[in-house]
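Visitor: Got run27.txt for you, compact mmCIF, C-alpha atoms and all ligand atoms:
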# COMPACT_ATOMS: atom_id res chain seq x y z
CA MET A 228 0.00 0.00 0.00
CA THR A 229 1.24 3.46 -0.79
CA SER A 230 1.07 5.92 2.05
CA SER A 231 -1.82 7.79 0.42
CA THR A 232 -3.90 4.61 0.10
CA LYS A 233 -3.10 3.94 3.74
CA VAL A 234 -4.38 7.36 4.69
CA ILE A 235 -7.54 6.81 2.65
CA ALA A 236 -8.06 3.39 4.22
CA LEU A 237 -7.58 4.88 7.66
CA LEU A 238 -10.03 7.66 6.92
CA LEU A 239 -12.58 5.13 5.70
CA ILE A 240 -12.23 3.11 8.87
CA LEU A 241 -12.52 6.24 10.98
CA PHE A 242 -15.57 7.31 9.00
CA SER A 243 -17.29 3.99 9.53
CA LEU A 244 -16.52 4.17 13.24
CA ILE A 245 -17.91 7.68 13.58
CA PHE A 246 -20.88 7.05 11.27
CA PRO A 247 -21.60 3.37 11.67
CA GLN A 248 -25.17 3.85 10.53
CA ASN A 249 -24.26 4.57 6.98
CA GLU A 250 -26.37 2.00 5.22
CA PRO A 251 -29.68 2.69 3.47
CA LEU A 252 -32.90 2.64 5.51
CA ARG A 253 -33.96 -0.76 4.23
CA TYR A 254 -30.71 -2.36 5.31
CA TYR A 255 -31.68 -1.86 8.95
CA ALA A 256 -35.42 -2.31 8.40
CA ASP A 257 -34.86 -5.68 6.70
CA GLN A 258 -32.98 -6.95 9.70
CA ILE A 259 -35.58 -5.99 12.24
CA GLY A 260 -38.51 -7.12 10.12
CA LEU A 261 -40.01 -3.69 9.49
CA ASN A 262 -41.67 -2.84 6.20
CA ILE A 263 -40.37 0.60 5.32
CA GLY A 264 -41.95 1.98 2.24
CA VAL A 265 -42.89 4.81 -0.02
CA ALA A 266 -45.74 5.77 -2.33
CA ILE A 267 -44.72 5.77 -5.97
CA LYS A 268 -45.72 8.41 -8.47
CA GLU A 269 -46.28 6.08 -11.36
CA ASP A 270 -44.72 8.39 -13.97
CA TYR A 271 -41.30 7.83 -12.47
CA ILE A 272 -41.59 4.16 -13.34
CA LEU A 273 -43.23 4.70 -16.72
CA ASN A 274 -40.54 7.24 -17.66
CA ASN A 275 -37.78 5.12 -16.23
CA ASN A 276 -36.39 7.88 -14.01
CA GLN A 277 -33.14 6.30 -12.88
CA THR A 278 -32.40 8.74 -10.07
CA HIS A 279 -35.77 8.20 -8.48
CA ASN A 280 -35.95 4.48 -9.11
CA ASN A 281 -32.45 3.78 -7.83
CA LEU A 282 -33.17 5.75 -4.68
CA VAL A 283 -36.39 3.83 -4.06
CA LYS A 284 -34.88 0.41 -4.48
CA ARG A 285 -31.90 1.35 -2.37
CA GLU A 286 -33.82 2.85 0.56
CA PHE A 287 -37.14 1.01 0.77
CA ASN A 288 -38.33 -2.58 0.98
CA THR A 289 -42.00 -1.79 0.32
CA ILE A 290 -43.92 0.33 -2.18
CA VAL A 291 -47.49 1.35 -2.93
CA CYS A 292 -49.01 3.04 -6.01
CA GLU A 293 -50.02 6.59 -5.19
CA ASN A 294 -53.00 6.60 -7.57
CA SER A 295 -53.02 3.96 -10.27
CA MET A 296 -54.76 1.18 -8.33
CA LYS A 297 -57.69 3.36 -7.37
CA ALA A 298 -60.99 2.41 -8.97
CA GLU A 299 -61.31 5.37 -11.36
CA ASN A 300 -57.94 4.47 -12.89
CA VAL A 301 -58.07 0.70 -12.94
CA ALA A 302 -61.80 0.28 -13.57
CA PRO A 303 -63.13 3.18 -15.67
CA SER A 304 -65.95 0.86 -16.74
CA ARG A 305 -67.15 -2.55 -15.68
CA ASN A 306 -65.76 -4.13 -18.83
CA GLY A 307 -62.80 -1.84 -19.12
CA TYR A 308 -60.38 -2.92 -16.40
CA ASN A 309 -56.85 -1.88 -17.29
CA PHE A 310 -53.91 -2.76 -15.09
CA SER A 311 -51.10 -1.67 -17.38
CA VAL A 312 -49.81 1.19 -15.21
CA PRO A 313 -49.96 -0.44 -11.76
CA ASP A 314 -48.58 -3.64 -13.29
CA ARG A 315 -45.39 -1.76 -14.16
CA VAL A 316 -45.03 -0.52 -10.59
CA VAL A 317 -45.72 -3.94 -9.10
CA GLU A 318 -43.19 -5.49 -11.46
CA PHE A 319 -40.62 -2.86 -10.46
CA GLY A 320 -41.22 -3.69 -6.82
CA LEU A 321 -41.06 -7.45 -7.13
CA ASP A 322 -38.00 -7.29 -9.41
CA ASN A 323 -36.21 -5.38 -6.68
CA ASN A 324 -37.19 -7.57 -3.75
CA MET A 325 -39.74 -5.18 -2.42
CA GLN A 326 -43.19 -5.94 -1.08
CA VAL A 327 -46.19 -4.22 -2.56
CA ARG A 328 -49.13 -2.75 -0.63
CA GLY A 329 -52.46 -2.46 -2.37
CA HIS A 330 -54.29 0.87 -2.15
CA THR A 331 -57.28 0.86 -2.30
CA LEU A 332 -60.42 -1.19 -3.08
CA VAL A 333 -63.40 0.62 -1.53
CA TRP A 334 -63.23 4.38 -0.98
CA PHE A 335 -65.55 7.37 -1.23
CA SER A 336 -63.24 9.17 -3.66
CA GLN A 337 -61.74 8.54 -7.11
CA ASN A 338 -64.53 6.21 -8.18
CA PRO A 339 -65.99 5.69 -11.66
CA GLN A 340 -69.71 6.20 -12.19
CA TRP A 341 -70.54 2.52 -12.33
CA LEU A 342 -69.13 2.00 -8.82
CA SER A 343 -71.06 4.88 -7.31
CA GLN A 344 -74.69 4.14 -7.99
CA GLY A 345 -77.45 1.54 -7.87
CA THR A 346 -79.55 -0.16 -5.26
CA ARG A 347 -78.18 -1.87 -2.17
CA GLU A 348 -78.14 -5.18 -4.06
CA THR A 349 -76.58 -3.96 -7.29
CA LEU A 350 -73.96 -1.80 -5.57
CA LEU A 351 -72.97 -4.68 -3.28
CA ALA A 352 -72.63 -6.88 -6.36
CA ALA A 353 -70.53 -4.23 -8.11
CA MET A 354 -68.30 -3.87 -5.05
CA LYS A 355 -67.85 -7.65 -4.90
CA TYR A 356 -67.00 -7.77 -8.58
CA HIS A 357 -64.47 -4.98 -8.21
CA ILE A 358 -62.77 -6.56 -5.20
CA GLU A 359 -62.60 -9.93 -6.93
CA THR A 360 -61.30 -8.55 -10.21
CA VAL A 361 -58.52 -6.45 -8.71
CA MET A 362 -57.46 -8.86 -5.98
CA ASN A 363 -57.41 -11.82 -8.32
CA HIS A 364 -55.23 -9.89 -10.72
CA TYR A 365 -52.68 -9.27 -7.97
CA LYS A 366 -53.12 -12.46 -6.01
CA GLY A 367 -49.82 -13.54 -4.50
CA LYS A 368 -48.15 -10.24 -5.40
CA ILE A 369 -49.70 -7.90 -2.87
CA PHE A 370 -49.12 -8.55 0.81
CA GLN A 371 -51.46 -5.99 2.38
CA TRP A 372 -54.59 -4.43 0.91
CA ASP A 373 -56.36 -1.33 2.12
CA VAL A 374 -59.73 -2.96 1.61
CA VAL A 375 -61.73 0.01 2.86
CA ASN A 376 -60.29 3.51 2.92
CA GLU A 377 -61.52 6.48 4.94
CA PRO A 378 -64.98 5.25 5.92
CA PHE A 379 -65.27 7.43 9.03
CA ASP A 380 -66.67 10.91 9.32
CA ASN A 381 -64.21 13.72 9.86
CA ASP A 382 -66.67 16.21 11.29
CA GLY A 383 -67.83 14.64 14.50
CA GLY A 384 -70.23 12.06 13.11
CA GLU A 385 -69.69 8.36 12.67
CA TYR A 386 -69.65 7.26 9.07
CA ARG A 387 -68.68 9.43 6.16
CA ASP A 388 -71.26 9.95 3.47
CA SER A 389 -70.38 7.97 0.39
CA PRO A 390 -72.31 5.89 -2.12
CA TRP A 391 -71.23 2.83 -0.15
CA TYR A 392 -72.59 4.08 3.14
CA ASP A 393 -75.57 5.93 1.77
CA ILE A 394 -76.78 3.15 -0.51
CA ILE A 395 -75.63 -0.03 1.24
CA GLY A 396 -75.27 0.99 4.88
CA GLU A 397 -72.58 0.47 7.53
CA ASP A 398 -72.28 -3.23 6.75
CA TYR A 399 -70.64 -2.50 3.38
CA ILE A 400 -67.41 -2.59 5.37
CA ASP A 401 -68.04 -6.10 6.69
CA SER A 402 -69.04 -7.31 3.23
CA ALA A 403 -65.92 -5.82 1.64
CA PHE A 404 -63.62 -7.64 4.05
CA THR A 405 -65.52 -10.88 3.67
CA TYR A 406 -65.34 -10.77 -0.13
CA ALA A 407 -61.66 -9.83 -0.01
CA HIS A 408 -60.77 -12.66 2.32
CA ARG A 409 -62.46 -15.18 0.06
CA VAL A 410 -60.32 -14.05 -2.88
CA ASP A 411 -56.97 -14.17 -1.12
CA PRO A 412 -56.92 -15.64 2.39
CA ASP A 413 -53.15 -15.06 2.61
CA CYS A 414 -53.31 -11.34 2.06
CA LYS A 415 -53.43 -9.03 5.08
CA LEU A 416 -56.61 -6.97 4.97
CA PHE A 417 -56.56 -3.41 6.35
CA LEU A 418 -59.02 -0.73 7.22
CA ASN A 419 -57.30 2.62 6.64
CA ASP A 420 -58.17 6.16 7.68
CA TYR A 421 -56.72 9.61 8.45
CA ASN A 422 -56.89 12.01 11.34
CA ASN A 423 -56.84 9.05 13.71
CA SER A 424 -53.33 9.11 15.22
CA TYR A 425 -54.46 10.00 18.74
CA ILE A 426 -57.39 9.07 20.94
CA THR A 427 -60.16 11.29 19.61
CA HIS A 428 -63.81 10.91 18.72
CA LYS A 429 -62.90 9.82 15.21
CA SER A 430 -60.33 7.22 16.20
CA THR A 431 -62.75 5.92 18.84
CA VAL A 432 -65.49 5.47 16.25
CA MET A 433 -62.92 3.50 14.27
CA TYR A 434 -61.91 1.51 17.32
CA ASP A 435 -65.51 0.61 18.13
CA LYS A 436 -66.12 -0.54 14.57
CA VAL A 437 -63.04 -2.73 14.25
CA LYS A 438 -63.64 -4.18 17.71
CA LYS A 439 -67.09 -5.21 16.59
CA MET A 440 -65.63 -6.67 13.40
CA VAL A 441 -63.14 -8.74 15.38
CA GLU A 442 -65.84 -9.94 17.76
CA ASN A 443 -68.09 -10.87 14.85
CA GLY A 444 -65.36 -12.80 13.06
CA ILE A 445 -65.09 -10.40 10.12
CA PRO A 446 -61.70 -11.15 8.54
CA ILE A 447 -59.81 -7.94 9.28
CA ASP A 448 -56.06 -8.22 9.90
CA GLY A 449 -54.95 -4.70 10.44
CA VAL A 450 -55.60 -1.03 10.86
CA GLY A 451 -53.94 1.71 8.84
CA PHE A 452 -53.11 5.11 10.25
CA GLN A 453 -52.32 7.50 7.44
CA CYS A 454 -50.48 9.99 9.66
CA HIS A 455 -50.67 13.07 7.48
CA GLU A 456 -49.43 15.41 10.18
CA ARG A 457 -47.84 18.79 10.74
CA SER A 458 -44.55 19.65 12.40
CA GLU A 459 -45.93 22.12 14.86
CA LYS A 460 -47.88 19.31 16.46
CA LYS A 461 -44.61 18.15 17.94
CA ALA A 462 -45.26 18.17 21.64
CA PRO A 463 -43.52 16.41 24.49
CA ASP A 464 -46.41 14.00 24.82
CA LEU A 465 -46.70 13.16 21.11
CA TYR A 466 -45.15 9.73 21.63
CA ASP A 467 -47.55 8.88 24.45
CA LYS A 468 -50.57 10.14 22.55
CA VAL A 469 -49.83 8.04 19.50
CA ARG A 470 -48.76 5.00 21.44
CA SER A 471 -51.75 4.87 23.76
CA ASN A 472 -54.03 5.04 20.74
CA PHE A 473 -52.15 2.37 18.78
CA GLU A 474 -52.02 0.12 21.85
CA ARG A 475 -55.77 -0.28 22.11
CA PHE A 476 -55.91 -1.48 18.50
CA ALA A 477 -52.98 -3.83 19.07
CA ASP A 478 -54.82 -5.21 22.10
CA LEU A 479 -57.54 -6.37 19.72
CA GLY A 480 -54.91 -8.56 18.06
CA LEU A 481 -54.70 -6.35 15.00
CA GLU A 482 -51.62 -5.48 13.00
CA ILE A 483 -50.86 -1.78 12.68
CA ALA A 484 -49.52 0.07 9.65
CA ILE A 485 -48.50 3.68 9.34
CA THR A 486 -49.67 3.91 5.76
CA GLU A 487 -49.12 7.40 4.35
CA ILE A 488 -47.00 9.48 6.66
CA ASP A 489 -45.98 12.97 5.60
CA ILE A 490 -45.15 15.83 7.94
CA ARG A 491 -45.77 19.32 6.64
CA GLN A 492 -42.96 21.53 7.84
CA TRP A 493 -45.38 24.35 8.66
CA ASP A 494 -43.54 27.12 10.49
CA SER A 495 -41.04 24.90 12.25
CA THR A 496 -37.54 23.76 11.39
CA LEU A 497 -36.49 20.72 9.40
CA ALA A 498 -35.09 19.31 12.63
CA VAL A 499 -38.49 19.48 14.30
CA GLN A 500 -40.02 17.87 11.24
CA GLY A 501 -37.46 15.11 11.61
CA ALA A 502 -38.38 14.71 15.26
CA VAL A 503 -42.04 14.20 14.36
CA TYR A 504 -41.18 11.59 11.74
CA GLY A 505 -38.94 10.08 14.39
CA THR A 506 -41.60 9.98 17.07
CA PHE A 507 -43.90 7.96 14.84
CA MET A 508 -40.99 5.70 13.96
CA GLN A 509 -40.11 5.23 17.62
CA VAL A 510 -43.67 4.10 18.36
CA ALA A 511 -43.43 1.69 15.43
CA LEU A 512 -40.12 0.29 16.68
CA ASP A 513 -41.37 -0.07 20.25
CA MET A 514 -44.58 -1.90 19.34
CA PRO A 515 -44.29 -5.34 17.73
CA ALA A 516 -47.82 -4.88 16.34
CA VAL A 517 -46.59 -2.10 14.06
CA THR A 518 -45.18 -3.84 11.02
CA THR A 519 -45.20 -1.12 8.41
CA TYR A 520 -44.11 2.51 7.99
CA MET A 521 -44.93 4.03 4.61
CA ILE A 522 -44.08 7.58 3.50
CA TRP A 523 -46.49 9.22 1.06
CA GLY A 524 -44.03 10.20 -1.66
CA VAL A 525 -40.31 10.55 -2.28
CA ARG A 526 -39.33 14.20 -2.69
CA ASP A 527 -40.97 17.38 -1.48
CA GLN A 528 -42.29 18.42 -4.84
CA ASP A 529 -44.02 15.06 -5.28
CA SER A 530 -46.20 15.51 -2.23
CA TRP A 531 -49.94 15.83 -2.56
CA THR A 532 -49.69 18.45 0.22
CA GLY A 533 -47.89 20.78 -2.21
CA ALA A 534 -44.21 21.44 -2.85
CA ASP A 535 -44.18 24.41 -0.47
CA GLN A 536 -44.96 22.16 2.50
CA ASN A 537 -41.57 20.40 2.35
CA ALA A 538 -43.37 17.37 3.71
CA LEU A 539 -41.19 14.44 2.68
CA LEU A 540 -37.79 12.85 3.40
CA PHE A 541 -35.96 14.03 0.29
CA ASP A 542 -35.58 17.51 -1.17
CA ASN A 543 -36.18 18.27 -4.81
CA ASP A 544 -32.66 17.20 -5.73
CA PHE A 545 -33.41 13.82 -4.16
CA ASP A 546 -31.02 14.68 -1.35
CA PRO A 547 -31.91 13.41 2.12
CA LYS A 548 -33.27 15.89 4.66
CA PRO A 549 -32.77 15.81 8.44
CA ALA A 550 -35.87 13.62 8.80
CA TYR A 551 -34.14 10.96 6.76
CA ASP A 552 -31.16 10.98 9.12
CA THR A 553 -33.47 10.82 12.12
CA LEU A 554 -35.18 7.72 10.79
CA LYS A 555 -31.87 6.11 9.94
CA THR A 556 -30.45 6.72 13.38
CA LEU A 557 -33.51 5.18 15.04
CA LEU A 558 -33.46 2.16 12.74
CA PHE A 559 -29.76 1.74 13.34
CA LYS A 560 -30.21 1.82 17.11
CA LYS A 561 -33.01 -0.70 16.91
CA GLN A 562 -30.95 -2.97 14.70
CA GLN A 563 -28.06 -2.78 17.15
CA ALA A 564 -30.40 -3.69 20.00
CA THR A 565 -32.07 -6.48 18.05
CA ASP A 566 -29.98 -9.54 18.36
CA VAL A 567 -30.94 -11.79 15.51
CA ARG A 568 -27.41 -13.10 15.31
CA ILE A 569 -25.84 -14.41 18.44
CA PRO A 570 -28.00 -17.46 19.16
CA TYR A 571 -27.50 -18.67 15.64
CA ALA A 572 -23.99 -17.54 14.94
CA ILE A 573 -22.08 -20.24 16.67
CA PHE A 574 -20.47 -23.34 15.33
CA ASN A 575 -17.35 -25.27 15.97
CA ALA A 576 -14.37 -24.16 13.98
CA GLY A 577 -12.35 -26.99 12.61
CA LYS A 578 -15.25 -29.34 12.94
CA LYS A 579 -17.51 -29.99 10.09
CA TYR A 580 -20.54 -27.81 10.24
CA SER A 581 -23.13 -30.16 11.52
CA ASN A 582 -26.76 -30.26 12.31
CA HIS A 583 -26.26 -32.01 15.58
CA PRO A 584 -26.68 -30.17 18.83
CA LEU A 585 -23.31 -28.78 19.70
CA ASN A 586 -21.71 -28.32 23.01
CA GLY A 587 -19.11 -26.19 21.50
CA ASN A 588 -15.97 -24.81 22.91
CA GLY A 589 -15.67 -23.78 19.35
CA PHE A 590 -13.84 -21.06 17.63
CA GLY A 591 -15.40 -19.82 14.48
CA ARG A 592 -17.58 -17.33 12.75
CA VAL A 593 -20.70 -17.32 10.72
CA GLU A 594 -22.19 -15.08 8.10
CA LEU A 595 -25.88 -14.34 8.22
CA PHE A 596 -27.80 -13.23 5.18
CA ASP A 597 -31.30 -11.94 5.03
CA LEU A 598 -33.76 -13.50 2.63
CA ARG A 599 -32.83 -11.05 -0.04
CA GLY A 600 -29.24 -12.26 0.02
CA VAL A 601 -27.90 -9.18 1.74
CA ARG A 602 -25.33 -10.00 4.36
CA ILE A 603 -26.59 -9.06 7.78
CA ASN A 604 -23.47 -9.77 9.66
CA ARG A 605 -20.31 -11.72 9.87
CA SER A 606 -19.69 -12.61 13.45
CA ASP A 607 -16.45 -12.10 15.24
CA TYR A 608 -14.60 -15.23 16.18
CA VAL A 609 -16.49 -16.68 19.07
CA ARG A 610 -15.28 -19.05 21.68
CA LYS A 611 -17.95 -19.87 24.15
CA ASN A 612 -20.10 -22.67 25.41
CA TYR A 613 -23.33 -22.97 23.58
CA THR A 614 -25.84 -25.74 23.35
CA MET A 615 -27.94 -25.38 20.33
CA SER A 616 -29.01 -27.10 17.23
CA LEU A 617 -27.46 -25.83 14.05
CA ALA A 618 -28.58 -26.54 10.57
CA ASP A 619 -28.53 -24.94 7.21
CA ASN A 620 -31.50 -22.74 6.59
CA ILE A 621 -32.19 -21.96 10.22
CA LEU A 622 -35.10 -19.62 10.03
CA ILE A 623 -35.39 -16.49 12.10
CA TYR A 624 -38.85 -15.18 12.70
CA ARG A 625 -40.21 -11.94 14.01
CA ASN A 626 -43.93 -11.53 14.47
CA GLY A 627 -44.56 -14.74 12.64
CA LYS A 628 -42.71 -13.47 9.61
CA GLU A 629 -39.50 -15.04 8.42
CA ILE A 630 -36.90 -12.30 8.33
CA SER A 631 -33.66 -14.16 7.85
CA ARG A 632 -31.99 -17.51 7.74
CA ILE A 633 -28.49 -18.91 7.82
CA ILE A 634 -27.71 -19.87 4.29
CA SER A 635 -24.00 -20.33 4.50
CA CYS A 636 -21.08 -20.34 6.87
CA TRP A 637 -17.69 -18.87 6.62
CA LYS A 638 -14.66 -19.96 8.55
C1 LIG B 701 -53.94 11.30 -2.92
C2 LIG B 701 -52.83 11.37 -3.94
O1 LIG B 701 -51.60 11.56 -3.28
C3 LIG B 701 -53.10 12.49 -4.92
O2 LIG B 701 -52.15 12.47 -5.96
C4 LIG B 701 -54.51 12.36 -5.50
O3 LIG B 701 -54.78 13.46 -6.31
C5 LIG B 701 -55.54 12.25 -4.40
O4 LIG B 701 -55.20 11.20 -3.53
N1 LIG B 701 -55.48 9.63 1.62
C6 LIG B 701 -55.37 8.56 0.78
C7 LIG B 701 -54.62 8.68 -0.48
O5 LIG B 701 -55.80 7.46 1.13
O6 LIG B 701 -55.12 7.84 -1.48
C8 LIG B 701 -54.58 10.11 -0.96
O7 LIG B 701 -53.74 10.18 -2.09
C9 LIG B 701 -54.10 11.01 0.14
C10 LIG B 701 -55.01 10.96 1.32
Go ahead and render the structure in this file as structure tokens.
Guide:
Amino acid sequence: MTSSTKVIALLLILFSLIFPQNEPLRYYADQIGLNIGVAIKEDYILNNNQTHNNLVKREFNTIVCENSMKAENVAPSRNGYNFSVPDRVVEFGLDNNMQVRGHTLVWFSQNPQWLSQGTRETLLAAMKYHIETVMNHYKGKIFQWDVVNEPFDNDGGEYRDSPWYDIIGEDYIDSAFTYAHRVDPDCKLFLNDYNNSYITHKSTVMYDKVKKMVENGIPIDGVGFQCHERSEKKAPDLYDKVRSNFERFADLGLEIAITEIDIRQWDSTLAVQGAVYGTFMQVALDMPAVTTYMIWGVRDQDSWTGADQNALLFDNDFDPKPAYDTLKTLLFKKQQATDVRIPYAIFNAGKKYSNHPLNGNGFGRVELFDLRGVRINRSDYVRKNYTMSLADNILIYRNGKEISRIISCWK
């Protein structure tokens, strides 16, 4: 090595010691079993925008279409279903080892005429047909569906007026979940709404409804909290307010997803904005029931809240903002505290790797890879007594979901 390469090597080592959390968001999220995702403006995929697309596949393990799966786009007429745009996005996701959320099947907005009218019987039949057509098309490709979106009133009432509610009645929600479950029993079915992050009248109406659904055996798996929020709401008790609300839903046995977070900067600083993003992330990391954290867009100018709100994680040059660093630091800390390695990372050096229980005074090291083939860790040499069963393809689960396995050893 020349002395200048030595200096560079030394600087690199120093850098990685000072900034150990220098991997993309998904690197940490993958290891702790969190779905971290973003809503995709479909044009970026259709136009093959490399800067955007490379960023998304580097940073996120989950995506959702911002608009193209909504009924008015996918089902302009009963005989005119067209999946060409969302198919491209789904393909992009699956090609890059990402999971895809489905958004949304039954909503009051962005509906074609034929899904907004009729009698109770004909509208129920149309809803069933729509759910079946879209879910069948994506069966096995979409892991969570927002089956019903925004059914609750935002002005102090209970249910929002919509053709579904007005023509069918409250039980349209139960029917939608029942139809959806029959199409794809493996898919996680969510009820999603906004303005429900804390314990309020609206979130309590939602709570009462999903509690009833659970009690009645309606196949609902999870609840979505959109979390369109504003920076100035940052208050010392924000964490407690969100957590106490989420907890009551988790206590019903439901999975929780933060489905569309964006934080308008309002009149605060980017650091405060980061802290609000971070507070929601901290709740997610502290509660095993929260499996998913989705951001509603990539860069500020993409946001439905308007470019002047600076609401997202990346600025208009696709450069990360303080909120991005906040999320990364929290994910990094969680990953450091989440020991998916040690119990599995032991085998006897010098001995053939075996699938017999070992009482090892061994000396060796193991590499762990996640399911996407990304190396999680190569252990240090370990010399310790362990009694455990080792085998290829040891599976590591979190929340019932396989997050990694030993696929090879190194010694
Ligand atoms: C928004 C999109 O971001 C906009 O581009 C579109 O014009 C309207 O819908 N809650 C939801 C999302 O469930 O579907 C909405 O998305 C944002 C609010």
Visitor: Compute the set of protein, DNA and RNA residues whose minimum atom distance to ligand LIG 701 (chain B) is at most 12 Å, using only C-alpha atoms and all ligand atoms, and state it as a VMD selection string.
Guide: chain A and resid 265 to 270 291 to 300 329 to 338 372 to 378 418 to 422 451 to 456 485 to 489 521 to 525 528 to 533
Visitor: Using all atoms listed in the file, which residue out of A:Met362, A:Met433, A:Leu497, A:Ala302 lies closest to A:Phe476?
Guide: A:Met433
Visitor: Which residue is closest to A:Lys439? Choose from A:Gly505, A:Pro549, A:Leu479, A:Thr518 and count only C-alpha atoms.
Guide: A:Leu479
Visitor: For A:Val450, which residue out of A:Thr496, A:Gln371, A:Asn280, A:Thr405 is the nearest one, using only C-alpha atoms?
Guide: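 Going through A:Thr496, A:Gln371, A:Asn280, A:Thr405 one by one, the smallest distance to A:Val450 is for A:Gln371.
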Visitor: Which of these, A:Ala462, A:Leu539, A:Ala534, A:Val437, has the shortest distance to A:Thr506 once you count all atoms listed in the file?
Guide: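 Going through A:Ala462, A:Leu539, A:Ala534, A:Val437 one by one, the smallest distance to A:Thr506 is for A:Ala462.
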Visitor: Would you please work out which residue, of A:Asn423, A:Ser471, A:Asn443, A:Glu286, is nearest to A:Asp401 when using all atoms listed in the file?
Guide: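 Residue with the minimum atom-to-atom distance to A:Asp401: A:Asn443.
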